[in-house]
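To keep things clear, I will list the structure first and then write my remarks on it.
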Amino acid sequence: MTIGTTAQRDPGPPAGEPARTAPRARHRILPAPVSGQELVLIGVIVVLWVVLAFATPAFFTAGSIQPLLVATAPVALVGIGMTIVIITGGIDVSVGAAIMVCSVITAKMLADQGVPLVVAVLLAVAVGGVLGLINGLLIAYGRVHAIIITFGTANLFQWLGLQIFGSSTVNGIPQTFDVFGRGVAGRTLGVPHAFLITVVIAAIAWWYLRHTPGGRHFYAIGGDPHAARLAGVRVQRRVLAAYVVTGLLVGLGSCFVIAQGTSTLDQTVGSGKELAVIAAVVIGGTSIMGGRGSVLGTLLGALLVQTVTSGVTQLGWNSQLSDLFVGVFIIVAVGADLLRERARRAV
Amino acid sequence: MTTPTSMNKVADVPAAGPAPESVGARVLRALLTQRIALLAVLIVGVVAWFSIMDVGGYLTAAYDPDYLAASLINAVPLVMLGLAELLVILSGRGGIDLSVGAIVSLAGMVFGFTYGQWGWPLWLAIVATAAFGGLCGALNGFLVASIGFPALIATLATFYAFKSLAIVINDQRPISTPPIQDLFSLSRSVEIPVIGGELPDVPLGIFTFLIPTVVVVWMMLARTSYGRRLYAIGTNDVASRWAGLPVRDTRFKAYLYAGVVSGLVAVVTVAQFASARPDAGVSGSGMALPAITIAVLGGVAITGGIGRVSGVVLAALLIVWLNAGILLAFVGNEGSQYQLLALGVVLIFAALLNGLTNRRYGGSR
C-alpha cells in the first residue's frame, strides 16, 4: 500500500506516472461520497414508500408527502449539528430541552410583541447559540464527559423553559412563521421551504466536513483527541464550535417546530426530541464512538424515522407502535454497520 | 473499542507526596477523594438549611423528621435504579442503560396482568415481574456484550421498543383492578419494631424492597468474585481478557441484573400509584436520567470500574431530601420546576468535581 502513502504526501500526479493514479489516491483519503450504509438507507426508504403506496393509496400524494418532508425538517436540521457533535466523540442530550427554551421565547415574542419574521428567526438562533455555548464551554473546558454535562444542562434548560412558560401555554401565536409551515405559504414549486432550507444547510455541512481542513479536524478529534492535539488541531475550540453549531441549528429548528404547531404552544414541546435526533444520526451510520459519520446519512435517517411514523399512522395502527419500529431500525442499522466494520477489520 | 478519554486513568500516586499537609488541606482532600464524606456533609447541610428555614417560617409545611421519613418512599425507586446503573456503568466500555425507565413501564404492565388480571399469588407475580425485567436486561446484555453494540445505542433502541410495547400491550390503558389498588398499603408508613416508638414511621417499601436490594448488590460487589470481575473488566477490558476472565459473560450479567432490579422497581411503582400505568417509567424526563444522575453524583465514573453502593445510596438520600425541601419552599408546582434546576446544578457540579478530583488527586473512591 505504499502507492497510497506516496500519493498522499504529494497530491499532484508526478511526471511520468499516468494521471489515473490521482483519483485512486483521492479515494484512499476520502471515503466514497455515498457510503454503503447510505445506499442501504435509500433502498429501505424506497421500499417503504412503495409498500406504503400500495397499502394506502393516499400515501403517495403531494398532500401526504409534503407534510412528511415538513415534519422531517426539525429533526434532520438538529441532526446535522448532532452529527458533528457525535463525530467529535461527544453527544448532546439537551437538544430537546433547548428546543423548548428557544420555542417558548420566540413564541412569546411573536405573540406579545408581534416581532417580524427575520427578527424572530434571529432571536431563536441567538438563544440557541447561547445554550449551545453553555454546553460547549462546560464540555470543552470543564473536561467532563459530554453525556453527563448535557444531562445536567437538559435539566437546567427545562427549568428555564418552564419558568418562561409560567405554568401555562403560550396562546395566540400569529401566522408569521407560515413560510416554514405545512400550508401553501410554506411551499415553492411544491417543495416545502423548511425541507429545502434543511437540505441546503445539510449540503453546506456535508461539503465543509468532507472537503475543508476545518471539517476534517472534527473527524480527527473523534478518532483520537490526543493525537489531534499533537497534530496541531485546536481541540477545545473545535469541540466548542460543534456544540455552538448544534445550538444555532436548534434555534432554527425551533422556528420550524412553531410553524408546524397551532397558534398554541404547550409545555411538552421538544420533549423526547433529543432521542429522536440521536436515533436519526445513528441510523444514518454515524459512529457513536466518534470519528466516522456523514450528514447525508443523518438526513436519510431522519427521513426514514419520519416515514415510519407517518406510515404507522396512515395504516391506521396504534401510533405508539412507530417507536417500536424506530428501535428495531436502530438495532438493524447499527448492527449492519458493526458487522461490516468487523468484516473490514478481518480483511 | 474503548472510548478515548484524556482524563481517564490518571496515575494513582497522591499529588501531595510525603510532605506533611495542613489540617485544612487534609480535610479538603478527604472531602474531594472520599465521595461519601462529601455527600454526608452535603446531606447534613441540606437538612440543616431547610430546618432553619422551617424554624424561620419560610416553608409551607413542617420540615421535620416525620416528613423526612415519609419522603423516603421517593428514595426507593431512585436508589434501586441508581444501583442498576451502578452495575451497568461499572462494567465499562461506555456502559450505560437508558432503558431502565422503559423496563419499569413494561414490567409494571406484566405485573398488572399477572397479579391484577390473572390473579396469580403476589409472590409469584413479583418473581415473574423480576424475571421479565431480567429478560429485558438480558436483551440489552446480549446486544452490548455478545454482539458489541455501544451501550448507548443498544439501550436507546430498547428504550424505544419497550416504551412502545408497554403502551401498546394494553391499548394505552392502565390496569387498576382491586388487587392492584389494595397494594397501595405497600407504600404506607409503619413503625419500626422494638425501637420504633422513639423514631418516626418509615414507609414499608424501604424494608421490603430497598434494603434487601441494597444489601444484595453490596454483597455481590464487595464480597463475591463476580463483583471483583466486574470492577476488573470495567477498569481494563483488554487486560481482563488476557487475564482469562469471562469478560463477555460478566458484562452480560451486569445488564441482566440491572433488568431484574428494574423489574422490582416496577412492582414498587405499581404499588405506589395503585395502578399499572403504561407510561410509569418514561413520563416526563423518565426514570433513567435521574438514576444516571444519582449514580454519577454518587461517585461512579462514567468510564467504568469506579463506584460504590454507599455512594449511590447517600446521593439518592441527598436528592430526595433536597427535593422534599424544595417542594415545601415554593407554592404550587413551582417547586417541581426548581427540582429540575437543583438536579441539573448538582449533576454538573458533581461532574466538574469528579474531573477536578481526577486531575488533582488521581481519582476519588
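Chain labels follow the order of the C-alpha cells: the first chain is A, the next B, and so on; residue numbering restarts at 1 in every chain, and ligands are counted from 1 in their shown order.
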For chain A, work out the contacting residues on chain B at 8 Å, counting only C-alpha atoms, and write them as a PyMOL selection string. chain B and resi 3-7+148-150+153-154+156-165+167-168+284-285+289+293+296+302+333+337-338+340-341+343-348+351-352+355
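When the distance limit is 12 Å and only C-alpha atoms are what count, the residues near Gly316 in chain A, minus those fewer than 5 positions from it on the same chain, are Leu52, Ala55, Thr56, Thr309, Ser310, Gly311, Leu321 and Ser322 of chain A.
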Here CA of Ala288 in chain B and CA of Leu299 in chain A stand apart by 27.9 Å
Got a sec: who's within 12 Å of Ile52 in chain B, counting only C-alpha atoms, leaving out chain neighbours fewer than 5 positions off, as JSON, numbers by chain? {"B": [45, 46, 47, 57, 58, 59, 62, 63, 64, 325, 329]}
Could you find all residues in range 72-202 of chain A that DSSP calls helix (DSSP H, G or I) from the backbone, and write them as an MDAnalysis selection string? chainID A and resid 72:87 95:113 117:142 146:165 175:180 184:186 193:202
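Note that CA of Val312 in chain A and CA of Pro57 in chain A are 14.0 Å apart.
One distance worth recording is that between CA of Trp206 in chain A and CA of Thr83 in chain A, which is 10.4 Å.
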Which residues, written as a PyMOL selection string, have at least one atom at most 8 Å from Val100 in chain B, with only C-alpha atoms counted and residues fewer than 4 positions away on the same chain left out? chain B and resi 81+104+159+258-259+262+281+287-288
Residues as selected, all heavy atoms, written as a PDB file, in the first residue's frame, can you do that?
```
ATOM      1  N   LEU B  81     -32.836   2.024  41.063  1.00  0.00           N
ATOM      2  CA  LEU B  81     -32.401   2.235  39.684  1.00  0.00           C
ATOM      3  C   LEU B  81     -30.983   2.788  39.639  1.00  0.00           C
ATOM      4  O   LEU B  81     -30.225   2.498  38.711  1.00  0.00           O
ATOM      5  CB  LEU B  81     -33.364   3.170  38.949  1.00  0.00           C
ATOM      6  CG  LEU B  81     -34.736   2.559  38.656  1.00  0.00           C
ATOM      7  CD1 LEU B  81     -35.617   3.539  37.919  1.00  0.00           C
ATOM      8  CD2 LEU B  81     -34.595   1.288  37.850  1.00  0.00           C
ATOM      9  N   VAL B 104     -39.207  -0.483  33.469  1.00  0.00           N
ATOM     10  CA  VAL B 104     -40.142  -0.312  34.591  1.00  0.00           C
ATOM     11  C   VAL B 104     -41.575  -0.254  34.062  1.00  0.00           C
ATOM     12  O   VAL B 104     -42.474  -0.915  34.590  1.00  0.00           O
ATOM     13  CB  VAL B 104     -39.798   0.960  35.399  1.00  0.00           C
ATOM     14  CG1 VAL B 104     -40.915   1.286  36.375  1.00  0.00           C
ATOM     15  CG2 VAL B 104     -38.492   0.788  36.137  1.00  0.00           C
ATOM     16  N   PHE B 159     -34.984   1.138  24.679  1.00  0.00           N
ATOM     17  CA  PHE B 159     -35.852   2.123  25.333  1.00  0.00           C
ATOM     18  C   PHE B 159     -37.079   2.367  24.466  1.00  0.00           C
ATOM     19  O   PHE B 159     -38.218   2.298  24.930  1.00  0.00           O
ATOM     20  CB  PHE B 159     -35.076   3.427  25.564  1.00  0.00           C
ATOM     21  CG  PHE B 159     -35.948   4.624  25.848  1.00  0.00           C
ATOM     22  CD1 PHE B 159     -36.448   4.856  27.107  1.00  0.00           C
ATOM     23  CD2 PHE B 159     -36.260   5.525  24.831  1.00  0.00           C
ATOM     24  CE1 PHE B 159     -37.261   5.952  27.356  1.00  0.00           C
ATOM     25  CE2 PHE B 159     -37.063   6.619  25.070  1.00  0.00           C
ATOM     26  CZ  PHE B 159     -37.569   6.833  26.340  1.00  0.00           C
ATOM     27  N   ALA B 258     -29.319  -5.505  36.145  1.00  0.00           N
ATOM     28  CA  ALA B 258     -29.957  -4.188  36.092  1.00  0.00           C
ATOM     29  C   ALA B 258     -31.417  -4.347  35.685  1.00  0.00           C
ATOM     30  O   ALA B 258     -32.299  -3.665  36.223  1.00  0.00           O
ATOM     31  CB  ALA B 258     -29.221  -3.280  35.106  1.00  0.00           C
ATOM     32  N   GLY B 259     -31.687  -5.285  34.759  1.00  0.00           N
ATOM     33  CA  GLY B 259     -33.061  -5.540  34.351  1.00  0.00           C
ATOM     34  C   GLY B 259     -33.893  -6.103  35.490  1.00  0.00           C
ATOM     35  O   GLY B 259     -35.041  -5.698  35.695  1.00  0.00           O
ATOM     36  N   SER B 262     -34.777  -3.379  37.805  1.00  0.00           N
ATOM     37  CA  SER B 262     -35.827  -2.550  37.207  1.00  0.00           C
ATOM     38  C   SER B 262     -37.187  -3.230  37.344  1.00  0.00           C
ATOM     39  O   SER B 262     -38.200  -2.556  37.586  1.00  0.00           O
ATOM     40  CB  SER B 262     -35.538  -2.294  35.734  1.00  0.00           C
ATOM     41  OG  SER B 262     -34.235  -1.810  35.570  1.00  0.00           O
ATOM     42  N   GLY B 281     -42.612   4.628  33.768  1.00  0.00           N
ATOM     43  CA  GLY B 281     -41.174   4.871  33.863  1.00  0.00           C
ATOM     44  C   GLY B 281     -40.642   5.852  32.849  1.00  0.00           C
ATOM     45  O   GLY B 281     -39.457   6.172  32.853  1.00  0.00           O
ATOM     46  N   MET B 287     -37.378   7.805  34.145  1.00  0.00           N
ATOM     47  CA  MET B 287     -36.693   7.352  35.356  1.00  0.00           C
ATOM     48  C   MET B 287     -35.206   7.141  35.121  1.00  0.00           C
ATOM     49  O   MET B 287     -34.430   7.103  36.068  1.00  0.00           O
ATOM     50  CB  MET B 287     -37.302   6.037  35.830  1.00  0.00           C
ATOM     51  CG  MET B 287     -38.623   6.197  36.545  1.00  0.00           C
ATOM     52  SD  MET B 287     -39.158   4.621  37.205  1.00  0.00           S
ATOM     53  CE  MET B 287     -40.508   5.153  38.244  1.00  0.00           C
ATOM     54  N   ALA B 288     -34.797   6.997  33.848  1.00  0.00           N
ATOM     55  CA  ALA B 288     -33.398   6.657  33.584  1.00  0.00           C
ATOM     56  C   ALA B 288     -32.478   7.837  33.890  1.00  0.00           C
ATOM     57  O   ALA B 288     -31.419   7.660  34.494  1.00  0.00           O
ATOM     58  CB  ALA B 288     -33.234   6.219  32.132  1.00  0.00           C
TER      59      ALA B 288
END
```
Which residues are near Ser240 in chain B? Cut-off 12 Å, only C-alpha atoms, ignore same chain within fewer than 2 positions. Put them as a PyMOL selection string. chain B and resi 91-92+228-238+242-248+250-251+305
With N, CA and C atoms kept, could you save the residues just selected as a PDB file, in the first residue's frame?
```
ATOM      1  N   SER B  91     -19.421  -1.822  34.492  1.00  0.00           N
ATOM      2  CA  SER B  91     -18.934  -2.836  33.555  1.00  0.00           C
ATOM      3  C   SER B  91     -18.087  -2.239  32.436  1.00  0.00           C
ATOM      4  N   GLY B  92     -18.035  -0.912  32.348  1.00  0.00           N
ATOM      5  CA  GLY B  92     -17.079  -0.280  31.454  1.00  0.00           C
ATOM      6  C   GLY B  92     -17.464  -0.308  29.992  1.00  0.00           C
ATOM      7  N   ARG B 228     -15.645  -8.639  41.948  1.00  0.00           N
ATOM      8  CA  ARG B 228     -14.244  -8.334  41.602  1.00  0.00           C
ATOM      9  C   ARG B 228     -14.055  -8.335  40.090  1.00  0.00           C
ATOM     10  N   ARG B 229     -14.657  -9.333  39.442  1.00  0.00           N
ATOM     11  CA  ARG B 229     -14.525  -9.422  37.980  1.00  0.00           C
ATOM     12  C   ARG B 229     -15.134  -8.204  37.311  1.00  0.00           C
ATOM     13  N   LEU B 230     -16.291  -7.752  37.860  1.00  0.00           N
ATOM     14  CA  LEU B 230     -16.981  -6.605  37.255  1.00  0.00           C
ATOM     15  C   LEU B 230     -16.091  -5.366  37.319  1.00  0.00           C
ATOM     16  N   TYR B 231     -15.475  -5.134  38.500  1.00  0.00           N
ATOM     17  CA  TYR B 231     -14.567  -3.990  38.614  1.00  0.00           C
ATOM     18  C   TYR B 231     -13.383  -4.151  37.656  1.00  0.00           C
ATOM     19  N   ALA B 232     -12.929  -5.404  37.515  1.00  0.00           N
ATOM     20  CA  ALA B 232     -11.758  -5.635  36.665  1.00  0.00           C
ATOM     21  C   ALA B 232     -12.058  -5.322  35.205  1.00  0.00           C
ATOM     22  N   ILE B 233     -13.194  -5.835  34.697  1.00  0.00           N
ATOM     23  CA  ILE B 233     -13.472  -5.596  33.269  1.00  0.00           C
ATOM     24  C   ILE B 233     -13.806  -4.130  33.032  1.00  0.00           C
ATOM     25  N   GLY B 234     -14.357  -3.464  34.061  1.00  0.00           N
ATOM     26  CA  GLY B 234     -14.664  -2.051  33.889  1.00  0.00           C
ATOM     27  C   GLY B 234     -13.417  -1.205  33.864  1.00  0.00           C
ATOM     28  N   THR B 235     -12.404  -1.628  34.636  1.00  0.00           N
ATOM     29  CA  THR B 235     -11.170  -0.860  34.694  1.00  0.00           C
ATOM     30  C   THR B 235     -10.355  -1.045  33.434  1.00  0.00           C
ATOM     31  N   ASN B 236     -10.214  -2.299  32.992  1.00  0.00           N
ATOM     32  CA  ASN B 236      -9.438  -2.552  31.782  1.00  0.00           C
ATOM     33  C   ASN B 236      -9.935  -3.814  31.098  1.00  0.00           C
ATOM     34  N   ASP B 237     -10.678  -3.566  30.049  1.00  0.00           N
ATOM     35  CA  ASP B 237     -11.304  -4.643  29.296  1.00  0.00           C
ATOM     36  C   ASP B 237     -10.273  -5.625  28.746  1.00  0.00           C
ATOM     37  N   VAL B 238      -9.251  -5.066  28.097  1.00  0.00           N
ATOM     38  CA  VAL B 238      -8.273  -5.903  27.391  1.00  0.00           C
ATOM     39  C   VAL B 238      -7.450  -6.717  28.389  1.00  0.00           C
ATOM     40  N   TRP B 242      -7.009 -10.820  28.773  1.00  0.00           N
ATOM     41  CA  TRP B 242      -5.733 -11.547  28.805  1.00  0.00           C
ATOM     42  C   TRP B 242      -5.544 -12.273  30.121  1.00  0.00           C
ATOM     43  N   ALA B 243      -6.183 -11.756  31.176  1.00  0.00           N
ATOM     44  CA  ALA B 243      -6.073 -12.442  32.468  1.00  0.00           C
ATOM     45  C   ALA B 243      -7.009 -13.646  32.536  1.00  0.00           C
ATOM     46  N   GLY B 244      -7.718 -13.896  31.457  1.00  0.00           N
ATOM     47  CA  GLY B 244      -8.553 -15.089  31.414  1.00  0.00           C
ATOM     48  C   GLY B 244      -9.918 -14.924  32.051  1.00  0.00           C
ATOM     49  N   LEU B 245     -10.345 -13.690  32.297  1.00  0.00           N
ATOM     50  CA  LEU B 245     -11.668 -13.501  32.895  1.00  0.00           C
ATOM     51  C   LEU B 245     -12.750 -13.668  31.821  1.00  0.00           C
ATOM     52  N   PRO B 246     -13.915 -14.166  32.230  1.00  0.00           N
ATOM     53  CA  PRO B 246     -15.024 -14.274  31.270  1.00  0.00           C
ATOM     54  C   PRO B 246     -15.663 -12.903  31.042  1.00  0.00           C
ATOM     55  N   VAL B 247     -15.011 -12.063  30.232  1.00  0.00           N
ATOM     56  CA  VAL B 247     -15.420 -10.665  30.082  1.00  0.00           C
ATOM     57  C   VAL B 247     -16.851 -10.567  29.578  1.00  0.00           C
ATOM     58  N   ARG B 248     -17.158 -11.315  28.507  1.00  0.00           N
ATOM     59  CA  ARG B 248     -18.475 -11.216  27.881  1.00  0.00           C
ATOM     60  C   ARG B 248     -19.564 -11.618  28.863  1.00  0.00           C
ATOM     61  N   THR B 250     -19.455 -11.674  32.163  1.00  0.00           N
ATOM     62  CA  THR B 250     -19.563 -10.758  33.287  1.00  0.00           C
ATOM     63  C   THR B 250     -20.352  -9.515  32.893  1.00  0.00           C
ATOM     64  N   ARG B 251     -20.040  -8.979  31.702  1.00  0.00           N
ATOM     65  CA  ARG B 251     -20.732  -7.769  31.262  1.00  0.00           C
ATOM     66  C   ARG B 251     -22.203  -8.064  30.989  1.00  0.00           C
ATOM     67  N   GLY B 305     -15.503   0.923  36.195  1.00  0.00           N
ATOM     68  CA  GLY B 305     -14.550   0.389  37.146  1.00  0.00           C
ATOM     69  C   GLY B 305     -14.448   1.099  38.477  1.00  0.00           C
TER      70      GLY B 305
END
```
Which polymer residues have any atom within 7 Å of an atom of range 113-118 of chain B, counting only C-alpha atoms, with same-chain residues fewer than 6 positions away left out, as a PyMOL selection string? chain B and resi 125+177+179-180
Taking 3 positions as the minimum chain separation for residues in the same chain, which residues sit within 12 Å of Val115 in chain A when counting only C-alpha atoms? Answer as a ChimeraX atom specification. /A:105-112,118-124,173-177
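Shortest separation to Pro174 in chain B among B:Ala145, B:Val282, B:Ile206, B:Val270 occurs at residue B:Val270, atoms counted being only C-alpha atoms.
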